[in-house]
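Single-structure report; data block below.
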Amino acid sequence: MIVRPFKPATEPRDLNPTDKTRANHIVDRVLALPPDMAARQLAEILDNFQGRHRNLLEAFESRAEEMEDAFAVHTVFTAAQKQLIGAYFMHEYSFEAAALFNPSIVPHPDQSATAKGDLRFILSLRAVGEGHVSSLTFRSGTVNAGGHVTVDPTARLAAVPKVTKRTPGPNGDDIEVAFRADGDISERVIFPVTPVQSNGIEDARFVVFEDQGRKTYLATYTAYSGFAIRSELLETTDFLSFKLSPLGGLAARNKGMALFPRKINGKYAMIARQDNENLYLIYSDDLYHWEGGTLLLRPQFPWEFVQIGNCGAPIELDEGWLLLTHGVGPVRRYSIGAVLLDKNDPSWVLGRSREPLVYPQPSEREGYVPNVVYTCGAMRHNDRIVLPYAISDTFSNFATLKIAALIKAMEF
């Protein structure tokens with residue numbers, strides 16, 4: 001549960017523009033309360049909601065500071081009045097009440113307390129709440145030397161970050177947000193903060209990107225306004241502060257872009273699907289601008305005849321680049337397959353799975369969107385691929401695959 005801004009319904013357009021708004025009316029009513037009654041009301045709100053959220057008074061004050069228009073006709077008010085007013089313009093939102101799915105996984109930046117042979121990880125997930133609004137949330141866990149996966153317990157509270165900076169860019173504003181350092185990673189929820197994202201931050205595909213010895217966690221995701229989509233890029237080094245930037249170019253007008261974990265022949269490289277059907281390989285000198293591309297893969301087998309897409313960033317193996325794919329087949333059934341690309345020239349397809357590796361089982365086909373298994377990214381641990389995947393757009397699970405068996409299952 002998070003608290004987020006509440007905006008009263010818009011007044012009819014034929015009202016006199018000099019009239020007070022509904023927000024002004026709410027503020028008037030709060031300020032008309034006797035001081036002792038206002039204090040009791042604020043205390044009651046805190047008693048009711050304080051245990052459900054961190055730093056609730058701070059959130060009320062921040063919200064009140066955003067209400068400049070409502071405060072315009074008032075010159076004097078107390079701290080308690082300001083906090084109480086902020087409470088009237090916020091509401092609780094259950095951000096994962098409908099679904100928690102489409103996971104992506106990367107090694108945790110802090111491996112200091114990890115046992116020998118174990119690897120700590122961070123899992124990102126798409127959360128969907130009321131009104132089908134998507135946000136980005138996280139979990140942490142460990143995979144041991146034998147491939148057993150343990151997910152850490154989830155914190156009871158949740159919070160959205162504070163917007164710390166907005167910078168105009170060539171494709172729109174870059175937004176920087178930051179969480180408090182005193183919360184667990186499972187408390188952190190990146191909720192839409194721009195009009196282009198207003199209906200969702202969808203399907204983040206995380207990758208640890210290495211360039212000249214520096215590691216950065218990057219994720220491509222889909223911003224959805226309710227009417228249109230575009231691809232955007234998220235950047236972080238610590239999963240506490242994040243930068244969200246829109247991507248430019250014709251290739252960024254569709255969803256499902258996935259970045260290679262390093263430059264190839266001096267250029268950034270991306271797998272994308274500009275035409276809703278096939279996969280393309282794209283190179284760029286600019287991380288934030290993507291054009292053109294070379295056709296890489298078409299639907300070939302019955303389980304992917306409708307369309308194919310990528311399932312996250314390519315994974316570098318000794319044998320080449322492992323690209324997990326999704327295919328859509330009859331009755332809109334989603335399955336997960338794999339492709340092996342040449343390490344030096346990823347436009348060269350070395351092998352491809354004829355049959356899907358993961359597909360919906362009869363016992364797991366019911367959910368928010370039935371007949372779907374889907375992932376936004378796996379990772380390598382020793383001789384295994386750790387694959388988190390969503391089931392029927394409702395919940396998420398894990399599979400581990402031996403790399404040797406996976407390669408053997410491909411058709412060369």
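The chains in the structure tokens are called A, B, ... from first to last as shown; in each chain the residues are counted from 1, and the ligands are counted from 1 in the order shown.
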_Non-local contacts of region 351-366 of chain A (6 Å; only C-alpha atoms; under 6 positions in same chain excluded) as a PyMOL selection string_ = chain A and resi 335-340+373+410-412
Hey, could you make a per-residue contact list for region 174-205 of chain A against region 151-159 of chain A with 9 Å as the cut-off, showing the nearest pair of atoms and its distance in Å to one decimal, counting only C-alpha atoms, sorted by chain and number, as JSON lines?
{"residue": "A:Phe179", "atom": "CA", "partner": "A:Ala159", "partner_atom": "CA", "distance": 8.1}
{"residue": "A:Gly183", "atom": "CA", "partner": "A:Ala158", "partner_atom": "CA", "distance": 8.5}
{"residue": "A:Asp184", "atom": "CA", "partner": "A:Ala155", "partner_atom": "CA", "distance": 6.6}
{"residue": "A:Ile185", "atom": "CA", "partner": "A:Ala155", "partner_atom": "CA", "distance": 8.3}
{"residue": "A:Ser186", "atom": "CA", "partner": "A:Thr154", "partner_atom": "CA", "distance": 5.8}
{"residue": "A:Glu187", "atom": "CA", "partner": "A:Ala158", "partner_atom": "CA", "distance": 4.0}
{"residue": "A:Arg188", "atom": "CA", "partner": "A:Ala159", "partner_atom": "CA", "distance": 5.5}
{"residue": "A:Val189", "atom": "CA", "partner": "A:Ala159", "partner_atom": "CA", "distance": 6.0}
{"residue": "A:Ile190", "atom": "CA", "partner": "A:Ala159", "partner_atom": "CA", "distance": 8.6}
Got a sec to tell me which of region 180-255 of chain A DSSP assigns to helix (DSSP H, G or I), as a PDB file with N, CA and C atoms, in the first residue's frame?
ATOM      1  N   ILE A 185      14.496  -2.989   0.279  1.00  0.00           N
ATOM      2  CA  ILE A 185      14.299  -2.818  -1.162  1.00  0.00           C
ATOM      3  C   ILE A 185      12.889  -3.200  -1.593  1.00  0.00           C
ATOM      4  N   SER A 186      12.244  -4.120  -0.868  1.00  0.00           N
ATOM      5  CA  SER A 186      10.883  -4.516  -1.235  1.00  0.00           C
ATOM      6  C   SER A 186       9.859  -3.432  -0.925  1.00  0.00           C
ATOM      7  N   GLU A 187      10.263  -2.373  -0.211  1.00  0.00           N
ATOM      8  CA  GLU A 187       9.379  -1.249   0.064  1.00  0.00           C
ATOM      9  C   GLU A 187       9.340  -0.251  -1.091  1.00  0.00           C
ATOM     10  N   PRO A 195       3.082  12.589 -17.338  1.00  0.00           N
ATOM     11  CA  PRO A 195       1.855  12.294 -18.088  1.00  0.00           C
ATOM     12  C   PRO A 195       2.012  11.129 -19.059  1.00  0.00           C
ATOM     13  N   VAL A 196       3.194  10.990 -19.658  1.00  0.00           N
ATOM     14  CA  VAL A 196       3.415   9.893 -20.609  1.00  0.00           C
ATOM     15  C   VAL A 196       3.383   8.545 -19.896  1.00  0.00           C
ATOM     16  N   GLN A 197       3.742   8.518 -18.628  1.00  0.00           N
ATOM     17  CA  GLN A 197       3.739   7.282 -17.837  1.00  0.00           C
ATOM     18  C   GLN A 197       2.434   7.080 -17.061  1.00  0.00           C
ATOM     19  N   LEU A 250      12.846   6.253 -34.224  1.00  0.00           N
ATOM     20  CA  LEU A 250      11.722   5.439 -34.684  1.00  0.00           C
ATOM     21  C   LEU A 250      11.649   4.097 -33.973  1.00  0.00           C
ATOM     22  N   ALA A 251      12.801   3.524 -33.627  1.00  0.00           N
ATOM     23  CA  ALA A 251      12.800   2.208 -32.989  1.00  0.00           C
ATOM     24  C   ALA A 251      12.256   2.253 -31.570  1.00  0.00           C
ATOM     25  N   ALA A 252      12.223   3.447 -30.953  1.00  0.00           N
ATOM     26  CA  ALA A 252      11.766   3.578 -29.574  1.00  0.00           C
ATOM     27  C   ALA A 252      10.267   3.813 -29.475  1.00  0.00           C
ATOM     28  N   ARG A 253       9.567   3.758 -30.599  1.00  0.00           N
ATOM     29  CA  ARG A 253       8.123   4.000 -30.577  1.00  0.00           C
ATOM     30  C   ARG A 253       7.322   2.744 -30.277  1.00  0.00           C
TER      31      ARG A 253
END
Do you know which residues are at most 10 Å from Val177 (chain A) counting only C-alpha atoms, after dropping those on the same chain fewer than 4 positions away, and could you put them as an mmCIF file with C-alpha atoms, in the first residue's frame?
data_model
loop_
_atom_site.group_PDB
_atom_site.id
_atom_site.type_symbol
_atom_site.label_atom_id
_atom_site.label_comp_id
_atom_site.auth_asym_id
_atom_site.auth_seq_id
_atom_site.Cartn_x
_atom_site.Cartn_y
_atom_site.Cartn_z
ATOM 1 C CA VAL A 160 7.286 5.949 -3.529
ATOM 2 C CA PRO A 161 10.467 7.982 -4.099
ATOM 3 C CA LYS A 162 10.853 11.732 -3.999
ATOM 4 C CA VAL A 163 11.356 13.533 -7.294
ATOM 5 C CA THR A 164 14.709 15.274 -6.876
ATOM 6 C CA LYS A 165 15.317 16.765 -10.314
ATOM 7 C CA ARG A 166 13.675 17.407 -13.676
ATOM 8 C CA ILE A 190 8.519 3.512 -8.745
ATOM 9 C CA VAL A 193 5.519 10.477 -12.390
ATOM 10 C CA LEU A 240 18.121 3.977 -4.153
ATOM 11 C CA SER A 241 18.317 6.786 -6.708
ATOM 12 C CA PHE A 242 17.115 6.422 -10.286
ATOM 13 C CA LYS A 243 17.098 8.456 -13.475
ATOM 14 C CA LEU A 244 14.232 7.950 -15.937
#
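Of the listed residues A:Pro388, A:Gly248, A:Gly131, A:Pro170, the one whose atoms come nearest to Asn199 (chain A) is A:Gly131, with distances taken using only C-alpha atoms.
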_In region 177-392 of chain A, DSSP strand (DSSP E or B) residues written as a ChimeraX atom specification_ = /A:177-178,188-190,200-211,214-224,229-236,241-246,248,258-259,264,267-272,279-284,289,294-297,307-310,315-316,321-328,334-341,349-353,358,372-374,379-381,384-391
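Of the residues under consideration (A:Ala405, A:Ala99, A:Val27, A:Val328), A:Ala99 shows the shortest atom-to-atom contact distance to His132 (chain A) when counting only C-alpha atoms.
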*Between CA of Lys263 (chain A) and CA of Ile282 (chain A) - distance in Å to one decimal*: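 Computing it gives 11.8 Å between the two atoms.
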*Counting only C-alpha atoms, what is within 10 Å of Leu31 (chain A), bar same-chain residues fewer than 2 positions away, as a list of chain:residue names?*
A:His25, A:Ile26, A:Val27, A:Asp28, A:Arg29, A:Leu33, A:Pro34, A:Pro35, A:Ala38, A:His74, A:Val76, A:Phe77, A:Thr78, A:Gln81, A:Lys82, A:Leu84, A:Ile85
Write out the residues from the selection above, keeping C-alpha atoms, as a PDB file, in the first residue's frame.
ATOM      1  CA  HIS A  25     -13.472  24.723  -0.804  1.00  0.00           C
ATOM      2  CA  ILE A  26     -11.754  21.792   0.939  1.00  0.00           C
ATOM      3  CA  VAL A  27      -9.015  24.077   2.218  1.00  0.00           C
ATOM      4  CA  ASP A  28     -11.619  26.585   3.442  1.00  0.00           C
ATOM      5  CA  ARG A  29     -13.395  23.880   5.410  1.00  0.00           C
ATOM      6  CA  LEU A  33     -12.091  24.073  12.066  1.00  0.00           C
ATOM      7  CA  PRO A  34     -11.309  25.240  15.604  1.00  0.00           C
ATOM      8  CA  PRO A  35      -7.643  24.530  16.428  1.00  0.00           C
ATOM      9  CA  ALA A  38      -8.157  20.225  13.769  1.00  0.00           C
ATOM     10  CA  HIS A  74      -4.829  32.033   2.342  1.00  0.00           C
ATOM     11  CA  VAL A  76      -1.709  32.286   7.428  1.00  0.00           C
ATOM     12  CA  PHE A  77      -1.994  28.660   8.535  1.00  0.00           C
ATOM     13  CA  THR A  78      -0.370  26.480  11.154  1.00  0.00           C
ATOM     14  CA  GLN A  81      -3.448  22.790   9.400  1.00  0.00           C
ATOM     15  CA  LYS A  82      -0.981  22.308   6.562  1.00  0.00           C
ATOM     16  CA  LEU A  84      -4.266  18.102   7.736  1.00  0.00           C
ATOM     17  CA  ILE A  85      -4.879  19.732   4.372  1.00  0.00           C
TER      18      ILE A  85
END
_Residue contacts of Ile308 (chain A) (6 Å, only C-alpha atoms) excluding same-chain residues fewer than 6 positions away, as a ChimeraX atom specification_ = /A:277-278,326-327
Those same residues, written as a PDB file, in the first residue's frame with N, CA and C atoms?
ATOM      1  N   GLU A 277       5.897  -7.896 -34.815  1.00  0.00           N
ATOM      2  CA  GLU A 277       5.903  -9.277 -35.287  1.00  0.00           C
ATOM      3  C   GLU A 277       7.281  -9.920 -35.244  1.00  0.00           C
ATOM      4  N   ASN A 278       8.321  -9.182 -35.663  1.00  0.00           N
ATOM      5  CA  ASN A 278       9.663  -9.728 -35.812  1.00  0.00           C
ATOM      6  C   ASN A 278      10.637  -9.052 -34.835  1.00  0.00           C
ATOM      7  N   HIS A 326       9.982 -14.722 -26.474  1.00  0.00           N
ATOM      8  CA  HIS A 326       8.624 -15.219 -26.272  1.00  0.00           C
ATOM      9  C   HIS A 326       7.953 -15.359 -27.630  1.00  0.00           C
ATOM     10  N   GLY A 327       7.088 -16.325 -27.712  1.00  0.00           N
ATOM     11  CA  GLY A 327       6.323 -16.540 -28.929  1.00  0.00           C
ATOM     12  C   GLY A 327       4.847 -16.631 -28.591  1.00  0.00           C
TER      13      GLY A 327
END
*Quote the spacing between CA of Ile315 (chain A) and CA of Ser112 (chain A) in Å to one decimal place.*
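Answer for the CA of Ile315 (chain A) to CA of Ser112 (chain A) separation: 23.8 Å.
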*For Thr137 (chain A), which of A:Ala223, A:Leu297, A:Met1, A:Leu42 is the closest residue, counting only C-alpha atoms?*
A:Met1
_So, with only C-alpha atoms as the atoms that count, which of A:Tyr88, A:Ser140, A:Glu66, A:Val128 lies closest to Arg22 (chain A)?_
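Checking each of A:Tyr88, A:Ser140, A:Glu66, A:Val128 against Arg22 (chain A), counting only C-alpha atoms, the winner is A:Tyr88.
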*What gap, in Å, lies between CA of Ala97 (chain A) and CA of Glu130 (chain A)?*
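Result for CA of Ala97 (chain A) versus CA of Glu130 (chain A): 7.1 Å, one decimal.
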_Neighbouring residues of Ala59 (chain A) were defined as those with any atom within 8 Å, considering only C-alpha atoms; residues of the same chain fewer than 4 positions away were excluded. Please report them as a list of chain:residue names._
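The neighbour list is A:Asn55, A:Arg63, A:Gly86.
Proximity of A:Phe138, A:Phe6, A:Phe239, A:Phe60 to Glu92 (chain A), computed with only C-alpha atoms, is greatest for A:Phe6.
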*Compile the contact shell of Glu202 (chain A) as a count of residues only: residues with an atom at most 10 Å away, counting only C-alpha atoms, same-chain residues fewer than 4 positions apart removed.*
20
